[in-house]
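Student: The structure is given below, and queries will be raised subsequently.
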Amino acid sequence: MASVTPNDGGCLKYIEDFLSFRGFETEYLNFGRVKNIWSVKNNGGPLLVFLGHVDVVPTGPVEKWEYDPFSGHDDGDYIHGRGAGDMKGGIACFMSAIDRLEDNLNYSIAFLITSDEEGPSKDGTVKVVEELMQREQKFDWCLVGEPSSISSTGDNIRVGRRGSINIELEIKGKQGHAAYPERVDNPLHKVGAVIESLTNEKWDEGNDHFPPTSLQITNMTAGVGAHNVTPDSVFVKLNLRFSPEISFEEIKARIIDILDERKLDYVIDFDLNAQPYSSKIGKFTEAVQEGILSVTNKSTQLSCSGGTSDGRFMAKTGCEIVELGPKFETIHKINEKVEKRELELLTNIYHQILLNLNVRAN
Ligand SMILES: [Zn+2]
């Protein structure tokens with residue numbers, strides 16, 4: 001189904017129908033143009049929420065795809081298509097795992113599925129969680145089905161994510177004729193040293209689960225297009241991924257120090273795209289680790305790497321969060337695909353986790 005963000009492409013109705021046959025009650029919590037479902041099977045006891053998104057990033061040039069990106073082509077070994085890994089694969093595996101369960105659970109299960117994760121993420125999970133918290137809904141455990149595995153299924157799970165900051169920086173100078181250097185103030189000549197300082201800065205060391213904070217220059221533009229004119233300004237875009245070892249405020253202050261030290265004339269705009277989050281490690285994480293070990297015979301590593309995820313919105317509820325899904329190798333790329341064997345394995349792992357929780361919920 002073509003569900004390019006923020007469209008759900010009919011996926012939510014499909015999931016709703018599947019779940020209603022299995023005793024779930026679904027409510028649509030729509031905000032703006034975005035559809036979200038909150039689907040619950042109430043058995044009493046603690047609540048496990050499966051968090052996911054059906055929206056996908058655009059395909060890019062369709063002619064470069066080996067198969068139609070929305071055909072879900074099955075070549076025998078792989079399912080091809082945009083969203084196969086991120087993250088319809090994970091949702092499908094969790095639905096199959098639910099299907100295998102018997103009706104003797106001593107905890108409740110809910111699905112929170114949005115169609116606004118790959119876009120602005122303003123009317124999706126964040127709003128649904130706010131609404132549910134207002135209703136005093138309690139959350140105990142949250143499984144995020146985002147792709148997390150590195151080289152084998154379940155080898156890596158995430159118990160947090162780094163924060164993200166977007167920065168736009170304008171370094172000002174004075175436009176002029178290249179032949180009269182004494183009459184121009186060329187901002188391009190200043191930007192090199194600034195970039196060197198910013199990219200060499202050690203923001204923090206990270207910690208056991210978080211890699212150190214990192215900064216990337218993502219764009220730089222200047223110039224009027226002529227060889228003999230120096231530019232008035234240089235525009236630089238930066239992105240930082242930060243660990244909880246440093247705050248947004250501290251990063252801001254350190255960048256401003258670097259700029260002020262060089263006595264630059266500049267304008268800077270900081271946009272806090274996402275705060276970092278880290279989950280407590282408790283019996284839910286143990287149930288996941290044991291599930292992976294018993295199905296794959298391999299232990300899993302806990303990390304907080306990768307981009308941002310909607311887990312950060314769930315973190316506000318204080319529940320224990322684990323992100324476990326298929327390999328992320330091809331996500332967002334042309335020819336995204338997921339191995340059928342991996343889907344089977346992930347379903348087995350999810351199923352085992354659900355059984356492990358039945359023991360722990362007491
Ligand atoms: Zn995703």
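Ligands are numbered from 1 in the order shown, residues from 1 within each chain, and chains are lettered A, B, ... in the order they appear in the structure tokens.
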Considering only C-alpha atoms, return as a PyMOL selection string whatever protein or nucleic-acid residues lie within 10 Å of Asn42 in chain A, sequence-local ones (same chain, fewer than 6 positions apart) excluded.
Tutor: chain A and resi 23-25+105-110
Student: Keeping C-alpha atoms, export the residues of the selection given above as a short mmCIF file (atom, residue, chain, number, x, y, z; two decimals), in the first residue's frame.
Tutor:
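selection_26.cif, written as the output of this step:
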```cif
data_model
loop_
_atom_site.label_atom_id
_atom_site.label_comp_id
_atom_site.auth_asym_id
_atom_site.auth_seq_id
_atom_site.Cartn_x
_atom_site.Cartn_y
_atom_site.Cartn_z
CA GLY A 23 -10.64 -9.15 20.42
CA PHE A 24 -9.03 -5.71 20.13
CA GLU A 25 -11.08 -2.52 20.30
CA LEU A 105 -2.80 -13.63 28.98
CA ASN A 106 -2.51 -12.00 32.36
CA TYR A 107 -1.56 -8.61 30.90
CA SER A 108 -3.12 -6.28 28.33
CA ILE A 109 -1.83 -5.40 24.87
CA ALA A 110 -2.31 -2.23 22.84
#
```
Student: Please identify every polymer residue within 10 Å of ligand 1, using only C-alpha atoms and all ligand atoms, and present the set as a tab-separated table (two decimals) with N, CA and C atoms, in the first residue's frame.
Tutor:
```
chain	number	residue	atom	x	y	z
A	52	GLY	N	4.25	1.73	16.53
A	52	GLY	CA	4.75	1.64	15.16
A	52	GLY	C	4.19	2.72	14.26
A	53	HIS	N	4.70	2.76	13.04
A	53	HIS	CA	4.19	3.71	12.04
A	53	HIS	C	4.03	3.01	10.70
A	54	VAL	N	2.95	3.36	9.99
A	54	VAL	CA	2.73	2.77	8.66
A	54	VAL	C	3.17	3.72	7.55
A	55	ASP	N	3.45	4.97	7.88
A	55	ASP	CA	3.90	5.89	6.83
A	55	ASP	C	5.35	5.58	6.47
A	56	VAL	N	5.70	5.93	5.25
A	56	VAL	CA	7.05	5.64	4.74
A	56	VAL	C	7.63	6.90	4.10
A	57	VAL	N	8.95	6.89	3.89
A	57	VAL	CA	9.58	8.00	3.19
A	57	VAL	C	9.32	7.85	1.69
A	83	GLY	N	9.23	0.68	2.84
A	83	GLY	CA	8.58	0.38	4.11
A	83	GLY	C	8.73	-1.07	4.54
A	85	GLY	N	11.27	-2.68	5.49
A	85	GLY	CA	12.05	-2.74	6.73
A	85	GLY	C	11.63	-1.67	7.72
A	86	ASP	N	11.23	-0.52	7.23
A	86	ASP	CA	10.92	0.64	8.08
A	86	ASP	C	9.52	1.15	7.77
A	87	MET	N	8.50	0.65	8.51
A	87	MET	CA	8.62	-0.45	9.43
A	87	MET	C	7.40	-1.36	9.37
A	88	LYS	N	6.94	-1.59	8.13
A	88	LYS	CA	5.79	-2.49	7.99
A	88	LYS	C	6.17	-3.93	8.33
A	90	GLY	N	8.17	-4.98	10.76
A	90	GLY	CA	8.06	-5.15	12.21
A	90	GLY	C	6.60	-5.24	12.65
A	117	GLU	N	5.29	9.52	11.30
A	117	GLU	CA	6.58	9.34	11.97
A	117	GLU	C	7.70	9.83	11.07
A	118	GLU	N	7.56	9.57	9.78
A	118	GLU	CA	8.62	9.95	8.83
A	118	GLU	C	8.52	11.42	8.44
A	144	VAL	N	8.93	-1.00	20.55
A	144	VAL	CA	8.93	-0.23	19.31
A	144	VAL	C	9.50	-1.15	18.23
A	145	GLY	N	8.73	-1.34	17.15
A	145	GLY	CA	9.15	-2.30	16.13
A	145	GLY	C	10.06	-1.73	15.06
A	146	GLU	N	10.74	-0.62	15.37
A	146	GLU	CA	11.65	0.00	14.40
A	146	GLU	C	12.84	-0.91	14.12
A	147	PRO	N	13.35	-0.87	12.88
A	147	PRO	CA	14.52	-1.69	12.57
A	147	PRO	C	15.68	-1.37	13.50
A	148	SER	N	16.21	-2.39	14.17
A	148	SER	CA	17.29	-2.17	15.14
A	148	SER	C	18.46	-3.13	14.93
A	307	GLY	N	18.99	7.11	14.43
A	307	GLY	CA	18.29	8.39	14.38
A	307	GLY	C	17.31	8.51	15.53
A	308	THR	N	16.37	9.43	15.40
A	308	THR	CA	15.38	9.58	16.46
A	308	THR	C	14.24	8.59	16.20
A	309	SER	N	13.42	8.33	17.22
A	309	SER	CA	12.24	7.49	17.00
A	309	SER	C	11.11	8.01	17.88
A	310	ASP	N	9.91	7.51	17.62
A	310	ASP	CA	8.76	7.94	18.42
A	310	ASP	C	8.82	7.40	19.85
A	325	GLY	N	13.59	-4.59	16.05
A	325	GLY	CA	13.01	-4.83	14.73
A	325	GLY	C	14.05	-5.46	13.82
A	328	PHE	N	18.47	-2.83	9.58
A	328	PHE	CA	18.16	-1.51	9.00
A	328	PHE	C	18.97	-1.19	7.75
A	331	ILE	N	16.97	0.41	4.73
A	331	ILE	CA	15.86	1.35	4.96
A	331	ILE	C	16.16	2.72	4.37
A	332	HIS	N	15.10	3.35	3.89
A	332	HIS	CA	15.14	4.68	3.25
A	332	HIS	C	15.90	4.66	1.92
```
Student: Using DSSP on the backbone, list every residue of range 116-345 of chain A that comes out as helix (DSSP H, G or I), and give them as a ChimeraX atom specification.
Tutor: /A:125-134,181-183,188-200,248-261,283-296,311-315,340-345
Student: Show which residues sit within 8 Å of range 158-173 of chain A, as a compact mmCIF listing (two decimals) with N, CA, C and O atoms, in the first residue's frame. Count only C-alpha atoms, and ignore same-chain residues fewer than 5 positions away.
Tutor:
```
# COMPACT_ATOMS: atom_id res chain seq x y z
N SER A 148 16.21 -2.39 14.17
CA SER A 148 17.29 -2.17 15.14
C SER A 148 18.46 -3.13 14.93
O SER A 148 19.54 -2.89 15.45
N VAL A 184 36.98 44.32 0.53
CA VAL A 184 35.94 43.31 0.76
C VAL A 184 36.18 42.67 2.13
O VAL A 184 37.26 42.78 2.70
N ASP A 185 35.13 42.01 2.60
CA ASP A 185 35.26 41.22 3.84
C ASP A 185 34.67 39.86 3.46
O ASP A 185 33.46 39.70 3.41
N ASN A 186 35.57 38.93 3.12
CA ASN A 186 35.11 37.68 2.52
C ASN A 186 34.78 36.63 3.58
O ASN A 186 35.68 36.05 4.19
N PRO A 187 33.48 36.35 3.80
CA PRO A 187 33.10 35.40 4.86
C PRO A 187 33.56 33.97 4.54
O PRO A 187 33.71 33.17 5.46
N VAL A 191 35.08 30.90 7.21
CA VAL A 191 34.23 29.75 7.56
C VAL A 191 35.06 28.48 7.79
O VAL A 191 34.70 27.63 8.62
N PHE A 210 25.19 5.18 25.17
CA PHE A 210 25.14 6.23 24.15
C PHE A 210 26.50 6.50 23.51
O PHE A 210 27.48 6.69 24.23
N PRO A 231 31.32 36.91 -1.78
CA PRO A 231 29.94 36.89 -1.28
C PRO A 231 29.73 37.77 -0.05
O PRO A 231 30.67 38.06 0.68
N ASP A 232 28.50 38.13 0.14
CA ASP A 232 28.11 38.93 1.30
C ASP A 232 28.01 38.05 2.55
O ASP A 232 28.35 38.47 3.63
N SER A 233 27.50 36.81 2.33
CA SER A 233 27.29 35.90 3.47
C SER A 233 27.57 34.46 3.06
O SER A 233 27.48 34.13 1.88
N VAL A 234 27.88 33.64 4.05
CA VAL A 234 27.94 32.19 3.86
C VAL A 234 26.84 31.59 4.74
O VAL A 234 26.71 31.98 5.90
N PHE A 235 26.08 30.67 4.17
CA PHE A 235 25.01 30.02 4.92
C PHE A 235 25.42 28.57 5.17
O PHE A 235 25.72 27.84 4.22
N VAL A 236 25.43 28.18 6.43
CA VAL A 236 25.86 26.82 6.79
C VAL A 236 24.73 26.13 7.55
O VAL A 236 24.10 26.73 8.42
N LYS A 237 24.49 24.85 7.20
CA LYS A 237 23.54 24.05 7.97
C LYS A 237 24.30 22.96 8.70
O LYS A 237 25.21 22.35 8.13
N LEU A 238 23.91 22.73 9.95
CA LEU A 238 24.57 21.71 10.75
C LEU A 238 23.53 20.84 11.44
O LEU A 238 22.41 21.30 11.70
N ASN A 239 23.91 19.62 11.74
CA ASN A 239 23.04 18.74 12.52
C ASN A 239 23.88 18.08 13.62
O ASN A 239 24.97 17.60 13.36
N LEU A 240 23.35 18.11 14.83
CA LEU A 240 24.02 17.45 15.96
C LEU A 240 23.16 16.31 16.47
O LEU A 240 21.94 16.46 16.60
N ARG A 241 23.79 15.19 16.79
CA ARG A 241 23.11 14.09 17.48
C ARG A 241 23.73 14.04 18.87
O ARG A 241 24.94 13.84 19.00
N PHE A 242 22.90 14.27 19.89
CA PHE A 242 23.49 14.40 21.22
C PHE A 242 22.99 13.40 22.25
O PHE A 242 21.85 12.97 22.23
N SER A 243 23.90 13.05 23.13
CA SER A 243 23.62 12.07 24.18
C SER A 243 23.06 12.81 25.40
O SER A 243 23.16 14.04 25.47
N PRO A 244 22.51 12.09 26.40
CA PRO A 244 22.02 12.78 27.60
C PRO A 244 23.15 13.32 28.48
O PRO A 244 22.88 13.96 29.49
N PHE A 248 20.91 20.54 25.54
CA PHE A 248 20.71 21.45 24.42
C PHE A 248 21.30 22.83 24.75
O PHE A 248 22.02 23.43 23.96
N LEU A 264 33.13 37.00 14.98
CA LEU A 264 32.41 36.97 13.71
C LEU A 264 31.12 37.77 13.80
O LEU A 264 30.53 37.90 14.87
N ASP A 265 30.70 38.26 12.66
CA ASP A 265 29.37 38.86 12.55
C ASP A 265 28.47 37.74 12.02
O ASP A 265 28.66 37.27 10.90
N TYR A 266 27.53 37.30 12.84
CA TYR A 266 26.77 36.12 12.42
C TYR A 266 25.34 36.17 12.94
O TYR A 266 25.02 36.92 13.87
N VAL A 267 24.51 35.32 12.34
CA VAL A 267 23.15 35.08 12.84
C VAL A 267 23.03 33.57 12.96
O VAL A 267 23.45 32.84 12.06
N ILE A 268 22.51 33.11 14.08
CA ILE A 268 22.38 31.65 14.23
C ILE A 268 21.00 31.30 14.75
O ILE A 268 20.41 32.04 15.54
N ASP A 269 20.50 30.18 14.26
CA ASP A 269 19.18 29.72 14.69
C ASP A 269 19.28 28.24 15.06
O ASP A 269 19.74 27.42 14.27
N PHE A 270 18.90 27.94 16.30
CA PHE A 270 18.95 26.56 16.79
C PHE A 270 17.54 25.98 16.82
O PHE A 270 16.64 26.61 17.35
N ASP A 271 17.37 24.80 16.29
CA ASP A 271 16.07 24.13 16.36
C ASP A 271 16.24 22.77 17.03
O ASP A 271 16.89 21.87 16.48
N LEU A 272 15.67 22.66 18.22
CA LEU A 272 15.75 21.38 18.94
C LEU A 272 14.73 20.44 18.33
O LEU A 272 13.53 20.53 18.57
N ASN A 273 15.23 19.53 17.53
CA ASN A 273 14.38 18.62 16.77
C ASN A 273 13.88 17.48 17.66
O ASN A 273 12.72 17.07 17.56
N ALA A 274 14.74 16.98 18.53
CA ALA A 274 14.33 15.91 19.44
C ALA A 274 15.25 15.88 20.65
O ALA A 274 16.46 16.03 20.52
N GLN A 275 14.66 15.70 21.81
CA GLN A 275 15.44 15.49 23.03
C GLN A 275 15.88 14.03 23.07
O GLN A 275 15.18 13.17 22.56
N PRO A 276 17.02 13.73 23.68
CA PRO A 276 17.39 12.32 23.82
C PRO A 276 16.47 11.65 24.86
O PRO A 276 15.88 12.35 25.68
N TYR A 277 16.35 10.36 24.78
CA TYR A 277 15.66 9.66 25.87
C TYR A 277 16.41 8.37 26.17
O TYR A 277 17.10 7.84 25.31
N SER A 278 16.31 7.94 27.42
CA SER A 278 16.82 6.61 27.72
C SER A 278 15.85 5.94 28.67
O SER A 278 15.28 6.57 29.55
N SER A 279 15.63 4.66 28.43
CA SER A 279 14.64 3.91 29.20
C SER A 279 15.31 3.27 30.40
O SER A 279 16.49 2.96 30.38
N LYS A 280 14.52 3.06 31.46
CA LYS A 280 15.03 2.23 32.56
C LYS A 280 15.17 0.80 32.04
O LYS A 280 14.50 0.42 31.06
N ILE A 281 16.03 0.03 32.66
CA ILE A 281 16.23 -1.35 32.26
C ILE A 281 15.62 -2.23 33.35
O ILE A 281 16.12 -2.24 34.47
N LEU A 302 22.69 -3.87 24.02
CA LEU A 302 21.80 -2.73 24.29
C LEU A 302 22.50 -1.47 23.79
O LEU A 302 23.65 -1.23 24.14
N SER A 303 21.82 -0.68 22.98
CA SER A 303 22.45 0.54 22.51
C SER A 303 21.43 1.67 22.39
O SER A 303 20.23 1.45 22.55
N CYS A 304 21.92 2.84 22.11
CA CYS A 304 21.04 4.00 21.92
C CYS A 304 21.45 4.72 20.64
O CYS A 304 21.38 5.94 20.55
N SER A 305 21.91 3.96 19.66
CA SER A 305 22.41 4.55 18.43
C SER A 305 21.26 4.81 17.45
O SER A 305 20.11 4.54 17.76
N GLY A 306 21.60 5.27 16.27
CA GLY A 306 20.59 5.49 15.23
C GLY A 306 19.96 6.86 15.31
O GLY A 306 20.34 7.70 16.13
N GLY A 307 18.99 7.11 14.43
CA GLY A 307 18.29 8.39 14.38
C GLY A 307 17.31 8.51 15.53
O GLY A 307 17.38 7.76 16.50
N THR A 308 16.37 9.43 15.40
CA THR A 308 15.38 9.58 16.46
C THR A 308 14.24 8.59 16.20
O THR A 308 14.12 8.04 15.12
N SER A 309 13.42 8.33 17.22
CA SER A 309 12.24 7.49 17.00
C SER A 309 11.11 8.01 17.88
O SER A 309 11.34 8.82 18.79
N GLY A 311 9.80 6.54 20.13
CA GLY A 311 10.01 6.08 21.51
C GLY A 311 10.16 7.27 22.46
O GLY A 311 9.76 7.20 23.62
N ARG A 312 10.71 8.38 21.94
CA ARG A 312 10.92 9.55 22.81
C ARG A 312 9.61 10.11 23.35
O ARG A 312 9.58 10.68 24.44
N ILE A 321 10.93 0.99 27.80
CA ILE A 321 10.86 0.95 26.34
C ILE A 321 12.01 0.14 25.76
O ILE A 321 13.17 0.33 26.14
N VAL A 322 11.68 -0.73 24.81
CA VAL A 322 12.71 -1.45 24.05
C VAL A 322 12.36 -1.34 22.57
O VAL A 322 11.20 -1.51 22.19
N GLU A 323 13.36 -1.05 21.75
CA GLU A 323 13.16 -1.01 20.30
C GLU A 323 13.83 -2.24 19.71
O GLU A 323 15.04 -2.43 19.87
N LEU A 324 13.03 -3.06 19.05
CA LEU A 324 13.54 -4.28 18.43
C LEU A 324 12.82 -4.51 17.11
O LEU A 324 11.60 -4.60 17.06
```
Student: With distances taken over only C-alpha atoms, which residue among A:Lys333, A:Arg262, A:His73, A:Lys35 lies nearest Pro61 in chain A?
Tutor: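 Under the stated criterion, the closest residue is A:Lys333.
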Student: Nearest residue to Thr213 in chain A out of A:Leu48, A:Val34, A:Leu143, A:Ile251, using only C-alpha atoms?
Tutor: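 Using only C-alpha atoms, Thr213 in chain A sits closest to A:Ile251.
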Student: Ranking A:Lys190, A:Lys263, A:Arg254, A:Lys174 by minimum distance to Val229 in chain A and counting only C-alpha atoms, which one comes first?
Tutor: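 Once distances to Val229 in chain A are computed over only C-alpha atoms, the minimum belongs to A:Lys174.
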